[in-house]
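Everything below belongs to structure_36.txt, which stores compact mmCIF, C-alpha atoms and all ligand atoms.
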```txt
# COMPACT_ATOMS: atom_id res chain seq x y z
CA MET A 49 100.67 70.14 122.96
CA ASP A 50 98.92 70.68 119.60
CA LEU A 51 100.42 73.98 118.44
CA GLN A 52 98.28 74.13 115.29
CA ALA A 53 95.08 73.86 117.34
CA TYR A 54 96.38 76.44 119.85
CA MET A 55 97.23 78.85 117.02
CA ALA A 56 93.84 78.36 115.35
CA GLU A 57 91.85 78.87 118.56
CA ARG A 58 93.78 81.89 119.85
CA GLY A 59 94.12 83.32 116.35
CA ALA A 60 90.30 83.39 116.12
CA TRP A 61 90.16 85.38 119.40
CA VAL A 62 92.58 87.90 117.91
CA ASP A 63 90.57 88.15 114.69
CA ALA A 64 87.39 88.82 116.67
CA GLU A 65 89.09 91.52 118.76
CA LEU A 66 90.52 93.20 115.64
CA GLU A 67 87.10 93.05 113.97
CA ARG A 68 85.59 94.78 117.00
CA LEU A 69 88.27 97.49 117.05
CA LEU A 70 88.50 98.42 113.36
CA PRO A 71 85.91 100.85 111.98
CA PRO A 72 83.65 99.21 109.32
CA ALA A 73 85.05 99.43 105.79
CA GLY A 74 82.04 101.50 104.66
CA GLU A 75 82.42 104.15 107.38
CA ALA A 76 83.60 107.52 106.05
CA PRO A 77 86.29 108.08 104.99
CA ALA A 78 85.65 104.71 103.35
CA ALA A 79 88.97 104.58 101.47
CA LEU A 80 90.90 105.05 104.71
CA HIS A 81 88.93 102.42 106.62
CA GLY A 82 89.09 100.01 103.71
CA ALA A 83 92.85 100.53 103.52
CA MET A 84 93.24 99.92 107.27
CA ARG A 85 91.42 96.61 106.95
CA HIS A 86 93.13 95.48 103.75
CA LEU A 87 96.18 93.88 105.41
CA VAL A 88 94.52 93.03 108.74
CA PHE A 89 91.98 90.69 107.08
CA PRO A 90 92.95 88.11 106.09
CA GLY A 91 95.98 88.42 108.29
CA GLY A 92 99.23 86.54 108.53
CA LYS A 93 100.32 84.09 111.19
CA ARG A 94 99.28 86.37 114.09
CA PHE A 95 102.58 85.29 115.67
CA ARG A 96 103.04 88.36 117.91
CA PRO A 97 99.52 88.27 119.43
CA LEU A 98 99.92 84.55 120.08
CA LEU A 99 103.14 85.32 121.96
CA VAL A 100 101.33 87.96 124.04
CA MET A 101 98.72 85.45 125.20
CA ALA A 102 101.18 82.59 125.70
CA ALA A 103 103.36 84.87 127.85
CA ALA A 104 100.36 85.84 129.98
CA GLU A 105 99.63 82.16 130.56
CA ALA A 106 103.30 81.37 131.17
CA VAL A 107 103.26 83.56 134.30
CA GLY A 108 99.98 82.10 135.55
CA GLY A 109 97.65 84.75 134.12
CA ARG A 110 94.66 84.57 131.78
CA ALA A 111 95.13 84.93 128.02
CA GLU A 112 91.89 86.96 127.84
CA ASP A 113 93.39 89.70 130.03
CA ALA A 114 96.20 90.14 127.52
CA LEU A 115 93.91 90.30 124.46
CA PRO A 116 94.08 94.14 124.19
CA MET A 117 97.89 93.92 124.03
CA ALA A 118 97.58 91.08 121.49
CA ALA A 119 95.46 93.26 119.21
CA ALA A 120 97.78 96.23 119.76
CA VAL A 121 100.94 94.44 118.62
CA GLU A 122 99.20 93.03 115.53
CA LEU A 123 98.00 96.53 114.61
CA VAL A 124 101.54 97.94 114.98
CA HIS A 125 102.94 95.01 112.98
CA THR A 126 100.38 95.67 110.23
CA TYR A 127 101.15 99.40 110.12
CA SER A 128 104.87 98.62 109.81
CA LEU A 129 104.18 96.27 106.89
CA VAL A 130 101.95 98.82 105.12
CA HIS A 131 104.71 101.44 105.39
CA ASP A 132 107.49 98.95 104.60
CA ASP A 133 105.79 98.07 101.29
CA LEU A 134 105.63 101.73 100.14
CA PRO A 135 107.57 102.81 97.03
CA CYS A 136 109.86 104.96 99.22
CA MET A 137 110.80 101.87 101.30
CA ASP A 138 110.84 98.30 99.94
CA ASP A 139 108.53 99.13 97.05
CA ASP A 140 106.56 95.86 97.09
CA SER A 141 103.41 95.42 95.07
CA GLU A 142 102.38 92.10 96.66
CA ARG A 143 102.17 90.76 100.21
CA ARG A 144 100.65 87.44 101.28
CA GLY A 145 99.69 86.88 97.66
CA ARG A 146 97.55 90.04 97.43
CA PRO A 147 98.25 93.55 96.13
CA THR A 148 99.75 95.83 98.78
CA VAL A 149 97.74 98.64 100.35
CA HIS A 150 99.28 101.45 98.29
CA VAL A 151 98.64 99.52 95.07
CA VAL A 152 94.92 99.30 95.85
CA TYR A 153 94.32 102.61 97.66
CA GLY A 154 97.17 104.86 96.51
CA GLU A 155 100.26 106.00 98.32
CA ALA A 156 98.80 108.85 100.35
CA VAL A 157 95.97 106.74 101.78
CA ALA A 158 98.42 103.90 102.53
CA VAL A 159 100.64 106.25 104.56
CA LEU A 160 97.60 107.55 106.45
CA ALA A 161 96.18 104.04 106.99
CA GLY A 162 99.49 103.05 108.59
CA ASP A 163 99.35 106.11 110.83
CA ALA A 164 95.78 105.35 111.87
CA LEU A 165 96.58 101.66 112.55
CA GLN A 166 99.32 102.75 114.94
CA CYS A 167 96.92 105.06 116.81
CA LEU A 168 94.35 102.29 116.96
CA ALA A 169 96.99 100.02 118.52
CA PHE A 170 97.34 102.32 121.51
CA GLU A 171 93.56 102.73 121.75
CA ALA A 172 93.29 98.93 121.83
CA LEU A 173 95.86 98.64 124.61
CA ALA A 174 94.22 101.40 126.65
CA GLY A 175 91.10 99.21 126.57
CA ALA A 176 92.87 96.75 128.88
CA ALA A 177 92.03 99.14 131.74
CA GLY A 178 88.61 97.45 131.96
CA ARG A 179 90.29 94.12 132.76
CA VAL A 180 93.51 94.82 134.68
CA SER A 181 94.86 97.62 136.86
CA ALA A 182 95.45 101.07 135.37
CA GLU A 183 99.07 100.90 136.55
CA ARG A 184 99.77 97.75 134.53
CA VAL A 185 98.13 99.28 131.48
CA ALA A 186 100.13 102.52 131.77
CA LEU A 187 103.39 100.58 132.04
CA ALA A 188 102.46 98.42 129.03
CA VAL A 189 101.64 101.55 126.99
CA GLY A 190 105.09 102.93 127.84
CA ASP A 191 106.76 99.62 126.93
CA LEU A 192 104.99 99.50 123.56
CA ALA A 193 105.77 103.15 122.76
CA LEU A 194 109.47 102.56 123.45
CA ALA A 195 109.58 99.36 121.40
CA VAL A 196 108.08 100.94 118.29
CA GLY A 197 109.72 104.37 118.44
CA SER A 198 112.91 105.89 117.07
CA ARG A 199 115.23 103.81 119.26
CA GLN A 200 113.69 100.49 118.28
CA LEU A 201 111.29 99.63 115.41
CA VAL A 202 111.46 102.89 113.44
CA GLY A 203 115.17 103.38 114.15
CA GLY A 204 115.83 99.80 113.05
CA GLN A 205 114.04 100.43 109.77
CA VAL A 206 116.20 103.54 109.20
CA ALA A 207 119.35 101.51 109.96
CA ASP A 208 118.14 98.79 107.58
CA LEU A 209 117.55 101.27 104.75
CA ALA A 210 121.07 102.69 105.26
CA PHE A 211 122.77 99.30 105.66
CA ASP A 212 126.03 98.82 103.75
CA PRO A 213 125.72 95.61 101.66
CA ALA A 214 129.44 94.92 102.11
CA ASP A 215 129.07 94.83 105.89
CA THR A 216 129.09 91.24 107.17
CA ASP A 217 129.65 92.04 110.85
CA LEU A 218 127.41 89.80 112.99
CA ALA A 219 126.90 92.36 115.78
CA ARG A 220 125.96 95.15 113.39
CA ILE A 221 123.52 92.96 111.46
CA GLU A 222 121.96 91.72 114.69
CA SER A 223 121.68 95.28 115.97
CA VAL A 224 119.40 96.04 113.01
CA HIS A 225 117.40 92.83 113.61
CA ALA A 226 117.15 93.63 117.31
CA ARG A 227 115.46 96.94 116.61
CA LYS A 228 113.53 96.24 113.41
CA THR A 229 112.11 92.85 114.37
CA ALA A 230 113.01 91.68 117.88
CA ALA A 231 111.86 94.77 119.80
CA LEU A 232 108.21 94.21 118.83
CA ILE A 233 108.46 90.49 119.55
CA ALA A 234 110.09 91.15 122.93
CA VAL A 235 107.47 93.71 123.96
CA SER A 236 104.73 91.30 122.90
CA ILE A 237 106.06 88.76 125.39
CA ALA A 238 107.00 91.21 128.17
CA GLY A 239 103.74 93.14 127.71
CA GLY A 240 101.57 90.04 127.84
CA ALA A 241 103.32 88.98 131.02
CA ARG A 242 102.98 92.48 132.48
CA LEU A 243 99.23 92.65 131.91
CA ALA A 244 98.91 89.22 133.51
CA GLY A 245 100.61 90.44 136.70
CA ALA A 246 104.17 89.12 136.29
CA SER A 247 106.88 90.34 138.67
CA ALA A 248 109.50 92.87 137.50
CA ALA A 249 112.12 90.10 137.48
CA GLN A 250 109.93 87.83 135.34
CA ILE A 251 109.21 90.68 132.90
CA ALA A 252 112.94 91.48 132.57
CA GLU A 253 113.82 87.83 131.87
CA LEU A 254 110.95 87.42 129.40
CA ASP A 255 112.08 90.58 127.62
CA LEU A 256 115.55 89.05 127.11
CA PHE A 257 113.92 85.78 126.01
CA GLY A 258 111.88 87.81 123.48
CA GLN A 259 114.91 89.65 122.13
CA GLU A 260 116.71 86.36 121.47
CA VAL A 261 113.66 84.68 119.94
CA GLY A 262 113.05 87.84 117.90
CA ILE A 263 116.50 87.81 116.33
CA ALA A 264 116.17 84.07 115.68
CA PHE A 265 112.76 84.76 114.03
CA GLN A 266 114.39 87.30 111.69
CA ILE A 267 117.22 84.88 110.81
CA ALA A 268 114.58 82.24 109.99
CA ASP A 269 112.78 84.83 107.85
CA ASP A 270 116.01 85.58 105.97
CA LEU A 271 116.62 81.85 105.48
CA LEU A 272 113.14 81.46 103.98
CA ASP A 273 113.82 84.42 101.66
CA ALA A 274 117.47 83.50 100.97
CA ASP A 275 116.90 83.71 97.21
CA GLU A 276 115.64 87.31 97.53
CA GLU A 277 117.99 90.26 97.72
CA ASP A 278 118.13 91.41 101.35
CA LEU A 279 121.14 93.51 102.20
CA CYS A 280 120.96 93.17 105.97
CA SER A 281 120.75 89.41 106.34
CA LEU A 282 122.79 86.89 108.30
CA ALA A 283 121.98 84.26 105.67
CA ASN A 284 123.69 86.42 103.04
CA ALA A 285 126.57 87.51 105.29
CA LEU A 286 127.48 84.16 106.91
CA GLY A 287 125.92 81.59 104.60
CA LEU A 288 122.88 79.42 105.24
CA ASP A 289 124.45 76.85 107.59
CA ALA A 290 126.09 79.41 109.88
CA ALA A 291 122.88 81.47 109.98
CA ARG A 292 120.83 78.37 110.86
CA GLU A 293 123.34 77.51 113.58
CA ARG A 294 123.16 81.04 115.03
CA ALA A 295 119.34 80.92 115.17
CA GLN A 296 119.50 77.57 116.95
CA ARG A 297 122.02 78.89 119.54
CA LEU A 298 119.83 81.94 120.22
CA LEU A 299 116.81 79.67 120.71
CA GLU A 300 118.71 77.47 123.18
CA THR A 301 119.89 80.47 125.19
CA ALA A 302 116.37 81.87 125.25
CA MET A 303 114.83 78.55 126.36
CA LYS A 304 117.16 78.32 129.36
CA ARG A 305 115.80 81.63 130.61
CA ILE A 306 112.27 80.27 131.01
CA GLU A 307 113.10 76.78 132.31
CA ASN A 308 111.79 77.77 135.73
CA LEU A 309 108.32 78.67 134.40
CA GLY A 310 107.25 75.00 134.24
CA GLU A 311 104.44 73.34 132.33
CA ARG A 312 102.27 76.43 131.87
CA ALA A 313 104.97 78.02 129.67
CA GLU A 314 104.76 75.16 127.15
CA PRO A 315 102.76 77.18 124.54
CA LEU A 316 105.36 79.97 124.77
CA ARG A 317 108.18 77.44 124.29
CA ASP A 318 106.38 75.87 121.32
CA LEU A 319 105.89 79.27 119.70
CA ALA A 320 109.59 80.06 120.19
CA ARG A 321 110.56 76.77 118.52
CA TYR A 322 108.10 77.53 115.72
CA ALA A 323 109.78 80.95 115.20
CA VAL A 324 112.97 79.17 114.18
CA GLN A 325 111.64 76.03 112.51
CA ARG A 326 108.69 77.52 110.60
CA LYS A 327 108.32 76.96 106.88
CA LEU A 328 106.38 80.20 106.20
C1 LIG A 401 108.21 100.95 108.21
C2 LIG A 401 107.92 101.85 110.57
C3 LIG A 401 108.38 100.80 109.69
C4 LIG A 401 108.93 99.72 110.22
C5 LIG A 401 109.35 98.66 109.42
C6 LIG A 401 108.66 95.49 110.73
C7 LIG A 401 109.31 96.38 109.75
C8 LIG A 401 109.95 97.58 110.21
C9 LIG A 401 109.25 96.16 108.46
C10 LIG A 401 108.52 95.07 107.88
C11 LIG A 401 109.35 94.35 106.92
C12 LIG A 401 109.98 93.19 107.51
C13 LIG A 401 110.16 92.03 106.62
C14 LIG A 401 110.38 93.24 108.76
C15 LIG A 401 110.95 92.18 109.49
C16 LIG A 401 109.94 91.62 110.38
C17 LIG A 401 109.26 90.48 109.75
C18 LIG A 401 110.00 89.22 109.61
C19 LIG A 401 108.00 90.60 109.33
C20 LIG A 401 107.19 89.50 108.83
O1 LIG A 401 106.51 89.00 109.95
P1 LIG A 401 105.57 87.74 109.93
O2 LIG A 401 106.31 86.59 109.32
O3 LIG A 401 104.44 88.23 108.92
O4 LIG A 401 105.01 87.53 111.29
P2 LIG A 401 102.91 87.76 108.80
O5 LIG A 401 102.60 87.92 107.33
O6 LIG A 401 102.75 86.35 109.28
O7 LIG A 401 102.11 88.72 109.62
```
Would you mind writing the structure in this file as structure tokens?
Ligand code: GRG
Amino acid sequence: MDLQAYMAERGAWVDAELERLLPPAGEAPAALHGAMRHLVFPGGKRFRPLLVMAAAEAVGGRAEDALPMAAAVELVHTYSLVHDDLPCMDDDSERRGRPTVHVVYGEAVAVLAGDALQCLAFEALAGAAGRVSAERVALAVGDLALAVGSRQLVGGQVADLAFDPADTDLARIESVHARKTAALIAVSIAGGARLAGASAAQIAELDLFGQEVGIAFQIADDLLDADEEDLCSLANALGLDAARERAQRLLETAMKRIENLGERAEPLRDLARYAVQRKL
């Protein structure tokens, strides 16, 4: 299949849904709404929303039914980047070649824009109730809340900030990656499948697939940034070749889990390969 065309077409659906959900930049308080939009448009790769829709299709559902979850995970991702760039965290003044939100709007508004993006994510997901059963939506809301709370995304960020640079233990590094990066990727896949009506067994297997692909995605990210100082990085701890090898092994293990899903899971497989082989 043509992954570039798939990403362009589905990415446009995501952009349209995000445009519909976000308050106009001029709506009061204009600084807040401008700040919320700053990192959403233009966005990044939209990798997590694409996974949501590909997972829905992989279990025989419709990508459109998973669009609210797709928007939700991109909004959470964006909030996490806005907060990650803050002076009290990574202290970055540029992202995707543009000034970060706190540089343009100030620190206080950037914190609040991140907060509001996270709320909007759950509002977006609740909107799925018009398309699929209320039970599926409620379960997906619970899944997303768990994945981005203190035991996963936020806890992973805390563990990352406290990481000992001398620690080269594979399991401890991957435990940070699992929470900080893979939890949101796994819930994107499991949530997309859930909204599309997957069975509990399929959701559990896709969640494991997502955790493995998510850690591989983070290793690939560290390999791309290998010249930058990142204390919790397999590339730094094991060296580039061993890190590349580990990402490849994780991808192979993950792919075996979804062998039984057949042809309709091809976009999901292609996205998983892209996670490891991407050049940006
Ligand atoms: C601050 C609450 C809070 C959480 C922070 C996700 C995260 C946890 C921090 C973001 C910083 C970071 C580099 C995290 C690792 C995840 C990752 C590789 C993000 C980059 O994702 P891409 O490549 O970005 O999908 P684009 O720009 O394409 O959207």
Protein and nucleic residues near ligand LIG 401 (chain A), 8 Å, all atoms listed in the file, as an NGL selection string: :A and (91-96 or 122 or 125-133 or 137 or 143-144 or 196 or 201-202 or 204-205 or 225 or 228-229 or 265-266 or 269-270 or 328)
Spatial neighbours of Leu80 (chain A), max dist 7 Å, all atoms listed in the file, sep filter under 3 positions, as a PyMOL selection string: chain A and resi 77+83-84+157+161
What does the distance from CA of Leu243 (chain A) to CA of Asp113 (chain A) come to in Å, to one decimal?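 It comes out at 6.8 Å.
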Using only C-alpha atoms for the distances, tell me which of A:Ala246, A:Ala195, A:Val206, A:Met117 is nearest to Glu171 (chain A).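 Of all the options, A:Met117 lies closest to Glu171 (chain A).
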Find, counting all atoms listed in the file, the residue in A:Gly59, A:Gly108, A:Gly190, A:Pro213 that gets nearest to Ala285 (chain A).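 For Ala285 (chain A), the nearest of the given residues is A:Pro213.
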Can you work out the spacing between CA of Arg110 (chain A) and CA of Ala164 (chain A) in Å, to one decimal?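 Separating CA of Arg110 (chain A) from CA of Ala164 (chain A) is a distance of 28.8 Å.
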Ref. answer, residues at most 10 Å from (91.2, 95.1, 118.9) with only C-alpha atoms, as JSON, numbers by chain: {"A": [61, 62, 63, 64, 65, 66, 67, 68, 69, 70, 115, 116, 117, 118, 119, 120, 121, 122, 123, 168, 169, 170, 171, 172, 173, 175]}
For region 202-235 of chain A of the block above, can you save N, CA, C and O atoms as a short mmCIF file (atom, residue, chain, number, x, y, z; two decimals), in the first residue's frame?
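Contents of the output file part_31.cif:
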```
data_model
loop_
_atom_site.label_atom_id
_atom_site.label_comp_id
_atom_site.auth_asym_id
_atom_site.auth_seq_id
_atom_site.Cartn_x
_atom_site.Cartn_y
_atom_site.Cartn_z
N VAL A 202 2.19 10.88 32.70
CA VAL A 202 2.73 11.88 33.63
C VAL A 202 3.78 11.25 34.54
O VAL A 202 4.85 11.82 34.78
N GLY A 203 3.50 10.03 35.02
CA GLY A 203 4.49 9.33 35.85
C GLY A 203 5.78 9.06 35.10
O GLY A 203 6.88 9.15 35.66
N GLY A 204 5.66 8.76 33.82
CA GLY A 204 6.85 8.51 32.99
C GLY A 204 7.68 9.77 32.84
O GLY A 204 8.91 9.71 32.84
N GLN A 205 6.99 10.89 32.72
CA GLN A 205 7.72 12.17 32.60
C GLN A 205 8.48 12.46 33.91
O GLN A 205 9.62 12.90 33.88
N VAL A 206 7.83 12.17 35.05
CA VAL A 206 8.49 12.39 36.34
C VAL A 206 9.72 11.47 36.44
O VAL A 206 10.81 11.91 36.85
N ALA A 207 9.56 10.21 36.03
CA ALA A 207 10.69 9.27 36.08
C ALA A 207 11.81 9.73 35.15
O ALA A 207 13.00 9.59 35.47
N ASP A 208 11.44 10.28 34.00
CA ASP A 208 12.43 10.77 33.04
C ASP A 208 13.22 11.94 33.64
O ASP A 208 14.45 11.99 33.54
N LEU A 209 12.49 12.87 34.27
CA LEU A 209 13.16 14.04 34.86
C LEU A 209 14.14 13.62 35.96
O LEU A 209 15.17 14.26 36.16
N ALA A 210 13.80 12.51 36.67
CA ALA A 210 14.63 12.08 37.80
C ALA A 210 15.67 11.04 37.39
O ALA A 210 16.39 10.51 38.24
N PHE A 211 15.75 10.72 36.09
CA PHE A 211 16.59 9.60 35.65
C PHE A 211 18.08 9.85 35.92
O PHE A 211 18.60 10.94 35.67
N ASP A 212 18.73 8.82 36.42
CA ASP A 212 20.17 8.90 36.72
C ASP A 212 20.97 8.66 35.43
O ASP A 212 20.88 7.57 34.84
N PRO A 213 21.74 9.64 34.97
CA PRO A 213 22.46 9.50 33.69
C PRO A 213 23.43 8.33 33.67
O PRO A 213 23.79 7.84 32.59
N ALA A 214 23.85 7.85 34.85
CA ALA A 214 24.80 6.73 34.88
C ALA A 214 24.08 5.39 34.73
O ALA A 214 24.73 4.34 34.59
N ASP A 215 22.77 5.40 34.77
CA ASP A 215 22.00 4.16 34.73
C ASP A 215 21.87 3.68 33.28
O ASP A 215 21.29 4.36 32.43
N THR A 216 22.41 2.50 32.99
CA THR A 216 22.32 1.97 31.62
C THR A 216 21.50 0.69 31.59
O THR A 216 21.59 -0.10 30.65
N ASP A 217 20.69 0.48 32.62
CA ASP A 217 19.89 -0.75 32.70
C ASP A 217 18.73 -0.72 31.70
O ASP A 217 17.88 0.18 31.75
N LEU A 218 18.71 -1.72 30.81
CA LEU A 218 17.71 -1.76 29.74
C LEU A 218 16.29 -1.71 30.28
O LEU A 218 15.46 -0.94 29.80
N ALA A 219 16.00 -2.52 31.31
CA ALA A 219 14.63 -2.60 31.82
C ALA A 219 14.19 -1.28 32.43
O ALA A 219 13.04 -0.85 32.26
N ARG A 220 15.13 -0.62 33.14
CA ARG A 220 14.74 0.66 33.75
C ARG A 220 14.54 1.75 32.70
O ARG A 220 13.60 2.55 32.78
N ILE A 221 15.38 1.76 31.69
CA ILE A 221 15.19 2.75 30.60
C ILE A 221 13.87 2.48 29.89
O ILE A 221 13.08 3.39 29.64
N GLU A 222 13.62 1.20 29.60
CA GLU A 222 12.37 0.89 28.87
C GLU A 222 11.13 1.12 29.73
O GLU A 222 10.05 1.37 29.20
N SER A 223 11.29 1.06 31.04
CA SER A 223 10.14 1.35 31.90
C SER A 223 9.75 2.83 31.78
O SER A 223 8.56 3.18 31.80
N VAL A 224 10.74 3.70 31.62
CA VAL A 224 10.44 5.12 31.39
C VAL A 224 9.78 5.29 30.02
O VAL A 224 8.74 5.93 29.87
N HIS A 225 10.36 4.66 29.00
CA HIS A 225 9.79 4.76 27.64
C HIS A 225 8.36 4.22 27.60
O HIS A 225 7.50 4.76 26.91
N ALA A 226 8.15 3.13 28.34
CA ALA A 226 6.83 2.49 28.33
C ALA A 226 5.76 3.46 28.82
O ALA A 226 4.66 3.53 28.26
N ARG A 227 6.11 4.22 29.85
CA ARG A 227 5.12 5.14 30.41
C ARG A 227 5.06 6.45 29.63
O ARG A 227 4.00 6.94 29.26
N LYS A 228 6.23 7.03 29.37
CA LYS A 228 6.28 8.38 28.78
C LYS A 228 5.79 8.39 27.33
O LYS A 228 5.15 9.33 26.88
N THR A 229 6.10 7.34 26.59
CA THR A 229 5.82 7.34 25.15
C THR A 229 4.86 6.22 24.73
O THR A 229 3.91 6.45 23.99
N ALA A 230 5.13 4.99 25.20
CA ALA A 230 4.40 3.85 24.66
C ALA A 230 2.95 3.78 25.15
O ALA A 230 2.08 3.27 24.44
N ALA A 231 2.68 4.30 26.35
CA ALA A 231 1.31 4.20 26.88
C ALA A 231 0.32 4.93 25.96
O ALA A 231 -0.77 4.42 25.68
N LEU A 232 0.70 6.11 25.48
CA LEU A 232 -0.22 6.87 24.62
C LEU A 232 -0.35 6.21 23.24
O LEU A 232 -1.43 6.19 22.65
N ILE A 233 0.74 5.62 22.77
CA ILE A 233 0.68 4.91 21.49
C ILE A 233 -0.18 3.64 21.63
O ILE A 233 -1.01 3.35 20.78
N ALA A 234 0.00 2.94 22.75
CA ALA A 234 -0.79 1.71 22.95
C ALA A 234 -2.28 2.02 23.09
O ALA A 234 -3.13 1.32 22.52
N VAL A 235 -2.61 3.10 23.81
CA VAL A 235 -4.04 3.40 23.98
C VAL A 235 -4.63 3.94 22.68
O VAL A 235 -5.84 3.80 22.44
#
```
